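Student: Below you'll find the structure I mean.
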Amino acid sequence: MLDRKMLRDFLGMRIQAIAIALVIAGGVSVQLLSSGLVTSLEETRRAYYERNLMADVWAPVVRAPQGVIDSLRQIAGVQAIEGRLRFGIRIDMPASQGPVLGEVISIPESHEPSVNRLHVSMGRLPANGRRDEAVVLKRFAEAHRIGPGDKISFIIRGRQVQVMVTGLVMSPEHVYAIAPGELVPDEKRFGVLWMNERALSELAGWEGAFNEAVLRLSRGASVSGVLGRLDSELAVYGAVGAFDRSDHVSDAFVSSEVDQLRTLGRVVPPVFLGVGAVLVYVVISRLVMVQRPAIGLLKAYGYSDREVLMHFLKLVGLIGSLGLLTGVLLGIWFGREMARLYIRYYDFPFLLFRAAVSDYVVVGAVSALSVLGAGLLAVRASVALNPADAMTPPPPPDYSKAAGIAITRARWIDQQTRMILRQIIRWPGRALVTVGGIAASLALLLSVLVMMDGMERMIASYFSEANRYDAVVTLTEARGPTALHDVRRVPGVLAAEPFRVVTATLRSGPSTERVALIGTSPDSELARLIDSAGKEVRPPPSGLVLSDDLARKLKTGPGDTIELQITEGRRPNEPVEVAALARTYLGSAVLMDITELNRIMGEGAVISGAYLKTDAAQEDRLRTELVQAPGVATVSFLGPAEDRLRALMDENIGVSLTVFALFAAMIALGVVYNSVRISFTERQRELASLRVLGFSKVAVSYILLGEVALLTLLAVPSGIGAGCLLSMYFAEAMGSELFRLPLAFVPATMATASLIVMGTVVLSGLIVRQRIDKIDMVEALKSA
Amino acid sequence: MSRNVREKETQACFDIRGLRRVYGKGPAAVEALRGVDLKIPERELIVILGPSGSGKSTFLNIVGGLDKATAGEVLFRGLDLSKASSTELTEYRRRNVGFVFQFYNLMPSLTAWENVALITEIADAPLAPEDALALVGLSDRMDHFPAQLSGGEQQRVAIARAVAKQPTVMLCDEPTGALDSATGVKVLEALLDVNRSIGATTLIITHNAGVAEIADRVVVFADGKVRETRVNQAPINPRDVTW
């Protein structure tokens, strides 16, 4: 019978219960989404890497004899090693937009690769001994409608070659298949081919040699130890520095995504569950208050404290379960959508959203604990009342203390406004819950919008302020000044500025960082660095400009001298001064004067490539010409890169933003609706009396909704403050080597977030307003 | 001699004809008023008697513009309340009616003065709140909250609130129902004073037949009809009411 009463109570407060359940569902779904996606991504990555023997370490060299591999295999901690060939190529795509740059990688013939095994998703690997067969990266092949049996021709080291495609493959190294120097994968513009080792070495004239060693390490091996040994053993072969997965672009992108999901899961669910718990407390306290006489009666008839307590906790449990179930379903649905989105950018053979059992257990336990805990707190005191006390109604509220506050005594305030003020002062805890809930909702929403602004700012900074070139061309090897003239002569090139890039290691005390050191001319107009004050930083005659993220990692600053170890050419090593710091949001930067860099390198006045200002009308032709020009390794246009980056963010973040805004609105709705609804129930008689006394519906609504409006006005500044703090935390926690989110607090964004939250408040107000319109005046006069 | 009876020569404040009120539908329908015809002259103090369920509260609610008749006419100075819209009824209550309820219905968050000011702020030609409170003898309790006042004091605040707007009609539903006799007398005295000083037509519903002695006119309800109307030739002072 008590259960039937519980169900009736539940139905009687169903809208409130649903509002609370939705808030809980918000927390549960984000928690499940983030932990489930982390589990899915990590598990998928782990399984994929393990099955396909993903390398732990890459060690590129200029050229080394295959025999060296055997001696490297002896390094402690090396479990497997392959020496392979990897060359930049130019692929001719007859039907499509002209030639495309890419790379070709060798696969061993004599044995199954012990590192970086390919995943064949269609067709087969090249047959043993075949020199005219190749497999193609699936994503690239699909973008160009290439399939097994098709022919592809490409140019490698100046030689035109034609091969037959035998299969489409995926590679654990190419999960995030991104061309060198690009920000976003472009499956149309970057192709990867794999050929038999002998075939490739003959084509390139590299028999018996390799230019990249890939290694798998045994469990517990010292990565830094192995990297150090590799560098020293391979130095004579032109090693530019071995690196591990953390410096591997594809893997770093996946890790960065995982980190972001973790941050999301750490911050957002506690906010939701906290608000949900407070709502449970407030609403159940109120219910218990209303039901005091019923509780007294139950106890008078002999129900124990425990039974009465359980009765109310069951109600709480029902609300909690509703939230949990909705949240789990929402989380799974959203997780699947996100997984579908990921698979478009991350090239895993499979990616299923599958949260671990432990994820469900944690979500269930955390939400149960917070909700039931809040319920217990709300019910405990009333259940302990003795029956006689419980059956007498609680004394009428005494407002004499609330009136002591001067403002409520002011004569110029009208009586309705006075009632609003006294109500707030009389029940400060309740007002605090409303203010806190609205502020939390606003903070969440704002932090998401600020992140969006930050991304906009990041893109603007990279593409419009710092890099003002339209395209960048890199050469297969450093060449003399004539190369620049050649580039300048290409039709459509309006201006060209040279740069030199070398791989280097920076050391400052115990900290080391592998970097790409760029030399530019001090009067460069096309590629610039900007400091934190927004001023341009030009490379000094001597010394380095460091991006501030690198400076932080190296624990160094302007005026310090650090050690520069260049890992190419004659591998010069010399101390340099950190002359200035610059701020970069996308990637890091180390800049010096090109003349100074060439002096250090001792190879004469050479360049690695050029930044170009181009004629937009001739872009397509220019691209074809540049790609076909001899000695060109990569050509990338900034405009399309910016478009792709925006598309990626819009898609990925657009979805999250919408869901986030909805969830934030859910908090506002849950808090405001419940608070107004409780206030309405408690003051129904008062409001009805006012209607009887001749107050219009609008005037009566003002007393109820004016309170929420006032509290909302109080909540907005604190919500904006909290939102800014939360944004700072998000920016800090989500930043990675790949990007850092600038904090951009734009007034318009704050206004937008505030307006959305206020809109939600108005909506909740309107729902309750309907009840004011239907208020029964006669009924309200009958009882005390 | 009766105080306000000028039956023949004055226009009726309320002219009620064939008033019926049915709650619910079909077999469950309850007929609270079954055809009430009544003329209530201006400025009189009228006591309505009758047992529970006789329809007197329903009658008062309809006359007060809180409820609508199922059939019949309720003419207030020529305005037919039974055809008025919800907004018109709100306006009617605001301009013309002063209510006094059994349970006072004061705003707990406002002091006595503020409770009265609540109404004077929306009235056309109100008394000052302090004057209205003086009229009911509460000048020294103006700054007290309802929780700090006795039942009788609260009811007198309610009367001051009703009086302050200088209403045409005062409608009182069991104004002494929750009070002991000594306090009840004070409340009745206050109502009588108000009736005299501002000349508002006053309707008092009560269970207490003794209270009828103070009225100019007594209306007795039974089974949803007016059973009897009598003019009281010699109204007595509330202090002399046998409680």
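Please note that chains go A, B, ... in the order of the structure tokens, that every chain numbers its residues from 1, and that ligands are numbered from 1 in the order shown.
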Taking the DSSP secondary structure from the backbone, can you list the residues of region 9-137 of chain B that are strand (DSSP E), as a PyMOL selection string?
Tutor: chain B and resi 12-23+30-41+45-49+71-76+79-80+97-100
Student: Write the residues of the selection above to a file with C-alpha atoms, as a compact mmCIF listing (two decimals), in the first residue's frame.
Tutor:
# COMPACT_ATOMS: atom_id res chain seq x y z
CA ALA B 12 -30.82 47.96 -4.79
CA CYS B 13 -27.07 47.42 -4.56
CA PHE B 14 -27.58 43.83 -5.74
CA ASP B 15 -30.58 42.61 -7.64
CA ILE B 16 -30.44 38.82 -7.89
CA ARG B 17 -32.91 36.82 -9.96
CA GLY B 18 -33.25 33.06 -10.46
CA LEU B 19 -29.68 32.42 -9.40
CA ARG B 20 -28.62 28.78 -9.85
CA ARG B 21 -25.25 27.15 -9.39
CA VAL B 22 -24.60 23.54 -10.28
CA TYR B 23 -21.23 21.82 -9.65
CA VAL B 30 -24.63 18.94 -7.07
CA GLU B 31 -27.02 21.89 -7.10
CA ALA B 32 -25.66 24.40 -4.59
CA LEU B 33 -28.11 27.19 -5.43
CA ARG B 34 -31.56 26.35 -6.75
CA GLY B 35 -33.04 29.67 -7.77
CA VAL B 36 -32.27 32.55 -5.43
CA ASP B 37 -34.16 35.83 -5.78
CA LEU B 38 -32.93 38.63 -3.57
CA LYS B 39 -32.66 42.42 -3.54
CA ILE B 40 -29.96 43.90 -1.35
CA PRO B 41 -30.33 47.64 -0.74
CA LEU B 45 -25.58 45.48 7.00
CA ILE B 46 -26.93 42.08 6.13
CA VAL B 47 -26.34 38.83 7.99
CA ILE B 48 -26.77 35.61 6.06
CA LEU B 49 -27.59 32.60 8.19
CA ALA B 71 -28.15 30.39 -14.55
CA GLY B 72 -29.89 33.58 -13.47
CA GLU B 73 -28.82 37.21 -13.14
CA VAL B 74 -26.67 38.97 -10.59
CA LEU B 75 -27.02 42.70 -11.14
CA PHE B 76 -24.59 44.90 -9.26
CA LEU B 79 -23.89 45.43 -14.12
CA ASP B 80 -24.65 41.76 -14.76
CA VAL B 97 -15.39 44.68 -3.12
CA GLY B 98 -13.72 44.39 0.25
CA PHE B 99 -13.30 40.79 1.40
CA VAL B 100 -12.93 39.47 4.94
Student: List the spatial neighbours of region 168-182 of chain B as a list in words - criterion: any atom at most 6 Å away, only C-alpha atoms, same-chain residues fewer than 4 positions off excluded.
Tutor: Asn96, Val97, Gly98, Phe99, Val100, Phe101, Gln102, Ala200, Thr201, Thr202, Leu203, Ile204, Ile205 and Thr206 of chain B
Student: What are the nearest atom pairs, with distances in Å to one decimal, for all residues of chain B that come at most 9 Å from chain A, using only C-alpha atoms, set out by chain and rising residue number as JSON lines?
Tutor:
{"residue": "B:Asn61", "atom": "CA", "partner": "A:Val778", "partner_atom": "CA", "distance": 7.3}
{"residue": "B:Gly64", "atom": "CA", "partner": "A:Val692", "partner_atom": "CA", "distance": 8.6}
{"residue": "B:Gly65", "atom": "CA", "partner": "A:Val692", "partner_atom": "CA", "distance": 8.4}
{"residue": "B:Leu66", "atom": "CA", "partner": "A:Met777", "partner_atom": "CA", "distance": 6.7}
{"residue": "B:Asp67", "atom": "CA", "partner": "A:Val778", "partner_atom": "CA", "distance": 7.5}
{"residue": "B:Thr87", "atom": "CA", "partner": "A:Ser696", "partner_atom": "CA", "distance": 7.7}
{"residue": "B:Leu89", "atom": "CA", "partner": "A:Gly694", "partner_atom": "CA", "distance": 8.3}
{"residue": "B:Thr90", "atom": "CA", "partner": "A:Gly694", "partner_atom": "CA", "distance": 5.1}
{"residue": "B:Glu91", "atom": "CA", "partner": "A:Gly694", "partner_atom": "CA", "distance": 6.5}
{"residue": "B:Tyr92", "atom": "CA", "partner": "A:Gly694", "partner_atom": "CA", "distance": 7.6}
{"residue": "B:Arg93", "atom": "CA", "partner": "A:Gly694", "partner_atom": "CA", "distance": 4.9}
{"residue": "B:Arg94", "atom": "CA", "partner": "A:Gly694", "partner_atom": "CA", "distance": 4.0}
{"residue": "B:Arg95", "atom": "CA", "partner": "A:Gly694", "partner_atom": "CA", "distance": 7.8}
{"residue": "B:Val97", "atom": "CA", "partner": "A:Leu693", "partner_atom": "CA", "distance": 7.9}
{"residue": "B:Gly98", "atom": "CA", "partner": "A:Leu693", "partner_atom": "CA", "distance": 7.4}
{"residue": "B:Phe99", "atom": "CA", "partner": "A:Leu693", "partner_atom": "CA", "distance": 7.0}
{"residue": "B:Phe101", "atom": "CA", "partner": "A:Leu781", "partner_atom": "CA", "distance": 7.1}
{"residue": "B:Gln102", "atom": "CA", "partner": "A:Leu781", "partner_atom": "CA", "distance": 8.0}
{"residue": "B:Phe103", "atom": "CA", "partner": "A:Ala784", "partner_atom": "CA", "distance": 5.4}
{"residue": "B:Tyr104", "atom": "CA", "partner": "A:Ala784", "partner_atom": "CA", "distance": 8.5}
{"residue": "B:Asn105", "atom": "CA", "partner": "A:Ser689", "partner_atom": "CA", "distance": 6.3}
{"residue": "B:Leu106", "atom": "CA", "partner": "A:Glu686", "partner_atom": "CA", "distance": 7.5}
{"residue": "B:Met107", "atom": "CA", "partner": "A:Glu686", "partner_atom": "CA", "distance": 6.2}
{"residue": "B:Pro108", "atom": "CA", "partner": "A:Tyr399", "partner_atom": "CA", "distance": 6.8}
{"residue": "B:Ser109", "atom": "CA", "partner": "A:Tyr399", "partner_atom": "CA", "distance": 5.3}
{"residue": "B:Leu110", "atom": "CA", "partner": "A:Met419", "partner_atom": "CA", "distance": 6.7}
{"residue": "B:Thr111", "atom": "CA", "partner": "A:Ser400", "partner_atom": "CA", "distance": 8.3}
{"residue": "B:Glu114", "atom": "CA", "partner": "A:Gln415", "partner_atom": "CA", "distance": 6.4}
{"residue": "B:Asn115", "atom": "CA", "partner": "A:Gln415", "partner_atom": "CA", "distance": 7.7}
{"residue": "B:Ala117", "atom": "CA", "partner": "A:Gln415", "partner_atom": "CA", "distance": 7.0}
{"residue": "B:Leu118", "atom": "CA", "partner": "A:Gln415", "partner_atom": "CA", "distance": 5.3}
{"residue": "B:Ile119", "atom": "CA", "partner": "A:Leu693", "partner_atom": "CA", "distance": 7.6}
{"residue": "B:Glu121", "atom": "CA", "partner": "A:Asp414", "partner_atom": "CA", "distance": 7.7}
{"residue": "B:Ile122", "atom": "CA", "partner": "A:Phe695", "partner_atom": "CA", "distance": 8.1}
{"residue": "B:His144", "atom": "CA", "partner": "A:Ser400", "partner_atom": "CA", "distance": 7.7}
{"residue": "B:Phe145", "atom": "CA", "partner": "A:Ser400", "partner_atom": "CA", "distance": 6.1}
{"residue": "B:Pro146", "atom": "CA", "partner": "A:Asp398", "partner_atom": "CA", "distance": 7.9}
{"residue": "B:Ala147", "atom": "CA", "partner": "A:Asp398", "partner_atom": "CA", "distance": 5.5}
{"residue": "B:Gln148", "atom": "CA", "partner": "A:Asp398", "partner_atom": "CA", "distance": 7.8}
{"residue": "B:Ala162", "atom": "CA", "partner": "A:Leu693", "partner_atom": "CA", "distance": 8.5}
Student: Please write the residues from the selection above to a file, keeping C-alpha atoms, as a PDB file, in the first residue's frame.
Tutor:
ATOM      1  CA  ASN B  61     -18.599  33.780  -3.922  1.00  0.00           C
ATOM      2  CA  GLY B  64     -18.048  38.632  -4.858  1.00  0.00           C
ATOM      3  CA  GLY B  65     -17.129  37.782  -8.447  1.00  0.00           C
ATOM      4  CA  LEU B  66     -15.109  34.701  -7.495  1.00  0.00           C
ATOM      5  CA  ASP B  67     -17.447  32.184  -9.038  1.00  0.00           C
ATOM      6  CA  THR B  87     -10.916  40.482 -16.467  1.00  0.00           C
ATOM      7  CA  LEU B  89     -14.622  40.391 -12.572  1.00  0.00           C
ATOM      8  CA  THR B  90     -11.053  41.140 -11.469  1.00  0.00           C
ATOM      9  CA  GLU B  91     -11.751  44.814 -12.109  1.00  0.00           C
ATOM     10  CA  TYR B  92     -15.055  44.560 -10.185  1.00  0.00           C
ATOM     11  CA  ARG B  93     -13.310  43.003  -7.184  1.00  0.00           C
ATOM     12  CA  ARG B  94     -10.545  45.550  -7.307  1.00  0.00           C
ATOM     13  CA  ARG B  95     -12.825  48.591  -7.463  1.00  0.00           C
ATOM     14  CA  VAL B  97     -15.389  44.679  -3.116  1.00  0.00           C
ATOM     15  CA  GLY B  98     -13.723  44.390   0.253  1.00  0.00           C
ATOM     16  CA  PHE B  99     -13.305  40.794   1.401  1.00  0.00           C
ATOM     17  CA  PHE B 101     -12.286  35.735   5.242  1.00  0.00           C
ATOM     18  CA  GLN B 102     -12.562  33.253   8.061  1.00  0.00           C
ATOM     19  CA  PHE B 103      -8.810  32.589   7.941  1.00  0.00           C
ATOM     20  CA  TYR B 104      -7.783  36.233   7.348  1.00  0.00           C
ATOM     21  CA  ASN B 105      -5.627  35.420   4.266  1.00  0.00           C
ATOM     22  CA  LEU B 106      -2.989  37.991   5.095  1.00  0.00           C
ATOM     23  CA  MET B 107       0.387  37.970   3.334  1.00  0.00           C
ATOM     24  CA  PRO B 108       2.746  36.501   5.936  1.00  0.00           C
ATOM     25  CA  SER B 109       5.723  38.355   4.520  1.00  0.00           C
ATOM     26  CA  LEU B 110       4.148  41.776   4.952  1.00  0.00           C
ATOM     27  CA  THR B 111       3.521  43.757   8.152  1.00  0.00           C
ATOM     28  CA  GLU B 114       2.139  46.727   4.376  1.00  0.00           C
ATOM     29  CA  ASN B 115      -0.776  44.305   4.055  1.00  0.00           C
ATOM     30  CA  ALA B 117      -0.816  49.224   1.625  1.00  0.00           C
ATOM     31  CA  LEU B 118      -0.850  46.241  -0.733  1.00  0.00           C
ATOM     32  CA  ILE B 119      -4.464  47.092  -1.468  1.00  0.00           C
ATOM     33  CA  GLU B 121      -1.612  50.823  -3.957  1.00  0.00           C
ATOM     34  CA  ILE B 122      -4.103  49.447  -6.473  1.00  0.00           C
ATOM     35  CA  HIS B 144       3.902  43.634  13.245  1.00  0.00           C
ATOM     36  CA  PHE B 145       3.909  40.641  10.979  1.00  0.00           C
ATOM     37  CA  PRO B 146       0.904  38.274  10.896  1.00  0.00           C
ATOM     38  CA  ALA B 147       2.950  35.675  12.800  1.00  0.00           C
ATOM     39  CA  GLN B 148       3.298  38.245  15.590  1.00  0.00           C
ATOM     40  CA  ALA B 162     -10.918  45.586   3.060  1.00  0.00           C
TER      41      ALA B 162
END
Student: Would you list the contacts of Ala495 (chain A) as an MDAnalysis selection string, taking every protein, DNA or RNA residue within 12 Å and counting only C-alpha atoms, but skipping same-chain residues closer than 5 positions in sequence?
Tutor: chainID A and resid 468:472 484:490 524:526 610:615
Student: Selected residues, C-alpha atoms, written as a PDB file, in the first residue's frame, please.
Tutor:
ATOM      1  CA  ARG A 468      50.024  35.327 -44.198  1.00  0.00           C
ATOM      2  CA  TYR A 469      51.292  33.222 -47.059  1.00  0.00           C
ATOM      3  CA  ASP A 470      48.901  31.406 -49.372  1.00  0.00           C
ATOM      4  CA  ALA A 471      51.018  28.330 -49.950  1.00  0.00           C
ATOM      5  CA  VAL A 472      54.216  26.744 -48.747  1.00  0.00           C
ATOM      6  CA  LEU A 484      63.965  30.431 -55.035  1.00  0.00           C
ATOM      7  CA  HIS A 485      64.200  32.041 -58.439  1.00  0.00           C
ATOM      8  CA  ASP A 486      62.711  28.914 -60.002  1.00  0.00           C
ATOM      9  CA  VAL A 487      59.740  29.102 -57.680  1.00  0.00           C
ATOM     10  CA  ARG A 488      59.292  32.815 -58.275  1.00  0.00           C
ATOM     11  CA  ARG A 489      59.103  32.232 -62.001  1.00  0.00           C
ATOM     12  CA  VAL A 490      56.129  29.908 -61.762  1.00  0.00           C
ATOM     13  CA  SER A 524      59.782  38.242 -43.791  1.00  0.00           C
ATOM     14  CA  GLU A 525      56.271  39.469 -44.393  1.00  0.00           C
ATOM     15  CA  LEU A 526      54.553  36.173 -45.111  1.00  0.00           C
ATOM     16  CA  ALA A 610      59.508  28.951 -49.697  1.00  0.00           C
ATOM     17  CA  TYR A 611      56.422  30.726 -48.478  1.00  0.00           C
ATOM     18  CA  LEU A 612      54.353  31.974 -51.400  1.00  0.00           C
ATOM     19  CA  LYS A 613      51.885  34.711 -52.014  1.00  0.00           C
ATOM     20  CA  THR A 614      49.821  33.529 -54.926  1.00  0.00           C
ATOM     21  CA  ASP A 615      47.188  34.656 -57.361  1.00  0.00           C
TER      22      ASP A 615
END
Student: Fewer than 6 positions away in the same chain doesn't count, so skip those; otherwise give me all residues within 12 Å of Gly184 (chain B), counting only C-alpha atoms, as a PDB file with C-alpha atoms, in the first residue's frame.
Tutor:
ATOM      1  CA  GLN B 102     -12.562  33.253   8.061  1.00  0.00           C
ATOM      2  CA  GLY B 151      -6.197  35.815  15.494  1.00  0.00           C
ATOM      3  CA  GLY B 152      -8.465  38.758  16.304  1.00  0.00           C
ATOM      4  CA  GLU B 153      -5.746  41.237  15.460  1.00  0.00           C
ATOM      5  CA  GLN B 154      -5.106  39.473  12.193  1.00  0.00           C
ATOM      6  CA  GLN B 155      -8.802  39.603  11.351  1.00  0.00           C
ATOM      7  CA  ARG B 156      -8.889  43.324  12.158  1.00  0.00           C
ATOM      8  CA  GLU B 174     -17.458  33.659   8.747  1.00  0.00           C
ATOM      9  CA  PRO B 175     -15.314  36.597   9.944  1.00  0.00           C
ATOM     10  CA  THR B 176     -15.592  35.446  13.565  1.00  0.00           C
ATOM     11  CA  GLY B 177     -15.561  31.716  12.823  1.00  0.00           C
ATOM     12  CA  ALA B 178     -12.015  31.177  14.054  1.00  0.00           C
ATOM     13  CA  ALA B 190     -15.055  47.001  13.709  1.00  0.00           C
ATOM     14  CA  LEU B 191     -17.270  45.802  10.847  1.00  0.00           C
ATOM     15  CA  THR B 206     -22.202  33.256   9.853  1.00  0.00           C
ATOM     16  CA  ASN B 208     -23.909  32.041  14.691  1.00  0.00           C
ATOM     17  CA  GLY B 210     -26.842  35.498  17.707  1.00  0.00           C
ATOM     18  CA  VAL B 211     -24.810  37.648  15.296  1.00  0.00           C
ATOM     19  CA  PRO B 238     -22.308  43.576  19.144  1.00  0.00           C
ATOM     20  CA  ARG B 239     -21.391  43.625  22.859  1.00  0.00           C
ATOM     21  CA  ASP B 240     -24.903  42.434  23.659  1.00  0.00           C
ATOM     22  CA  VAL B 241     -24.799  39.477  21.264  1.00  0.00           C
ATOM     23  CA  THR B 242     -25.305  36.156  22.995  1.00  0.00           C
ATOM     24  CA  TRP B 243     -22.431  34.061  21.588  1.00  0.00           C
TER      25      TRP B 243
END
Student: Could you go through region 70-315 of chain A and tell me which residues DSSP, when run on the backbone, assigns to alpha helix (DSSP H), listing them as a ChimeraX atom specification?
Tutor: /A:70-72,138-143,197-204,223-234,249-290,292-300,305-315
Student: Atoms to include: C-alpha atoms. Write the selected residues as a compact mmCIF listing (two decimals), in the first residue's frame.
Tutor:
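Saved to result-v4.txt:
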# COMPACT_ATOMS: atom_id res chain seq x y z
CA ASP A 70 71.35 -6.55 -36.84
CA SER A 71 73.56 -4.55 -34.51
CA LEU A 72 70.65 -2.31 -33.50
CA LYS A 138 42.33 2.78 -48.18
CA ARG A 139 41.15 6.27 -47.40
CA PHE A 140 43.17 7.79 -50.21
CA ALA A 141 42.06 5.07 -52.62
CA GLU A 142 38.43 5.61 -51.73
CA ALA A 143 38.69 9.35 -52.16
CA GLU A 197 61.22 -3.91 -50.47
CA ARG A 198 63.30 -5.20 -53.35
CA ALA A 199 61.10 -3.53 -55.92
CA LEU A 200 61.31 -0.20 -54.14
CA SER A 201 65.06 -0.36 -53.48
CA GLU A 202 65.68 -1.08 -57.15
CA LEU A 203 63.46 1.75 -58.26
CA ALA A 204 65.25 4.16 -55.97
CA VAL A 223 62.45 4.37 -24.07
CA SER A 224 64.87 7.21 -23.51
CA GLY A 225 67.72 4.69 -23.21
CA VAL A 226 66.86 3.12 -26.54
CA LEU A 227 66.39 6.54 -28.20
CA GLY A 228 69.80 7.61 -26.95
CA ARG A 229 71.53 4.44 -28.22
CA LEU A 230 69.81 4.71 -31.61
CA ASP A 231 70.87 8.31 -32.01
CA SER A 232 74.47 7.55 -31.21
CA GLU A 233 74.65 4.39 -33.36
CA LEU A 234 72.90 6.01 -36.30
CA VAL A 249 51.79 12.78 -35.18
CA SER A 250 49.10 10.19 -35.80
CA ASP A 251 49.26 8.77 -32.30
CA ALA A 252 49.56 12.19 -30.70
CA PHE A 253 46.26 13.24 -32.27
CA VAL A 254 44.49 10.21 -30.84
CA SER A 255 46.05 10.83 -27.42
CA SER A 256 45.01 14.45 -27.52
CA GLU A 257 41.42 13.42 -28.20
CA VAL A 258 41.53 10.98 -25.30
CA ASP A 259 42.86 13.70 -23.00
CA GLN A 260 40.07 16.04 -24.01
CA LEU A 261 37.46 13.39 -23.34
CA ARG A 262 38.97 12.74 -19.93
CA THR A 263 38.82 16.43 -19.07
CA LEU A 264 35.20 16.55 -20.15
CA GLY A 265 34.42 13.55 -17.99
CA ARG A 266 36.21 15.05 -15.01
CA VAL A 267 34.46 18.41 -14.99
CA VAL A 268 30.99 18.12 -16.43
CA PRO A 269 29.35 15.13 -14.71
CA PRO A 270 30.10 16.36 -11.17
CA VAL A 271 28.36 19.65 -11.96
CA PHE A 272 25.27 17.84 -13.21
CA LEU A 273 25.15 15.25 -10.45
CA GLY A 274 25.78 17.95 -7.85
CA VAL A 275 22.89 20.04 -9.13
CA GLY A 276 20.75 16.90 -9.42
CA ALA A 277 21.48 15.97 -5.80
CA VAL A 278 20.64 19.47 -4.58
CA LEU A 279 17.36 19.37 -6.50
CA VAL A 280 16.49 16.01 -5.00
CA TYR A 281 17.22 17.45 -1.57
CA VAL A 282 15.10 20.54 -2.11
CA VAL A 283 12.14 18.82 -3.71
CA ILE A 284 12.02 15.88 -1.32
CA SER A 285 12.41 18.16 1.72
CA ARG A 286 9.41 20.06 0.48
CA LEU A 287 7.44 16.88 -0.15
CA VAL A 288 8.22 15.60 3.31
CA MET A 289 7.16 18.94 4.78
CA VAL A 290 3.83 18.78 3.00
CA ARG A 292 4.18 15.73 7.75
CA PRO A 293 0.66 14.86 8.87
CA ALA A 294 0.69 11.73 6.70
CA ILE A 295 4.03 10.71 8.15
CA GLY A 296 2.60 11.23 11.65
CA LEU A 297 -0.38 9.10 10.75
CA LEU A 298 1.73 6.29 9.32
CA LYS A 299 3.86 6.29 12.42
CA ALA A 300 0.83 6.46 14.68
CA ASP A 305 11.01 4.99 11.08
CA ARG A 306 12.85 2.64 8.78
CA GLU A 307 9.74 1.81 6.76
CA VAL A 308 8.81 5.44 6.40
CA LEU A 309 12.37 6.31 5.42
CA MET A 310 12.45 3.51 2.87
CA HIS A 311 9.14 4.73 1.49
CA PHE A 312 10.61 8.11 0.62
CA LEU A 313 13.94 6.69 -0.49
CA LYS A 314 12.08 4.48 -2.94
CA LEU A 315 10.60 7.62 -4.44
Student: Pick from B:Asn237, B:Asn232, B:Ser150, B:Gln166: nearest to Leu192 (chain B), with only C-alpha atoms counted?
Tutor: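 Among the listed residues, B:Asn237 lies closest to Leu192 (chain B).
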Student: Would you mind listing what lies within 6 Å of region 739-743 of chain A as a CSV table (one decimal) with N, CA and C atoms, in the first residue's frame, with only C-alpha atoms counted and same-chain residues fewer than 5 positions away left out?
Tutor:
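Final output, part-v5.csv:
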chain,number,residue,atom,x,y,z
A,454,GLY,N,37.7,30.5,-28.6
A,454,GLY,CA,39.1,30.3,-28.6
A,454,GLY,C,39.6,29.6,-29.8
A,585,TYR,N,49.4,29.1,-31.0
A,585,TYR,CA,48.3,28.2,-30.5
A,585,TYR,C,48.3,26.9,-31.2
A,586,LEU,N,48.7,26.9,-32.5
A,586,LEU,CA,48.7,25.6,-33.2
A,586,LEU,C,50.2,25.2,-33.3
A,587,GLY,N,50.6,24.1,-32.7
A,587,GLY,CA,51.9,23.6,-32.8
A,587,GLY,C,52.9,24.5,-32.0
A,731,ALA,N,40.8,25.3,-21.0
A,731,ALA,CA,41.8,25.7,-21.9
A,731,ALA,C,43.2,25.0,-21.5
Student: Please provide as a PyMOL selection string all residues within 10 Å of Gly158 (chain A), with the sequence filter that same-chain residues fewer than 3 positions apart are discarded (counting only C-alpha atoms).
Tutor: chain A and resi 89-90+154-155+161+204+630-631
Student: Leaving out region 438-452 of chain A and any residue of its chain fewer than 5 positions from it, which residues lie within 7 Å of it when counting only C-alpha atoms, given as a PyMOL selection string?
Tutor: chain A and resi 657+660-661+664-665+667-668+712+715-716+718-720+722-724+726-727+744-745+749-750+753-754+757
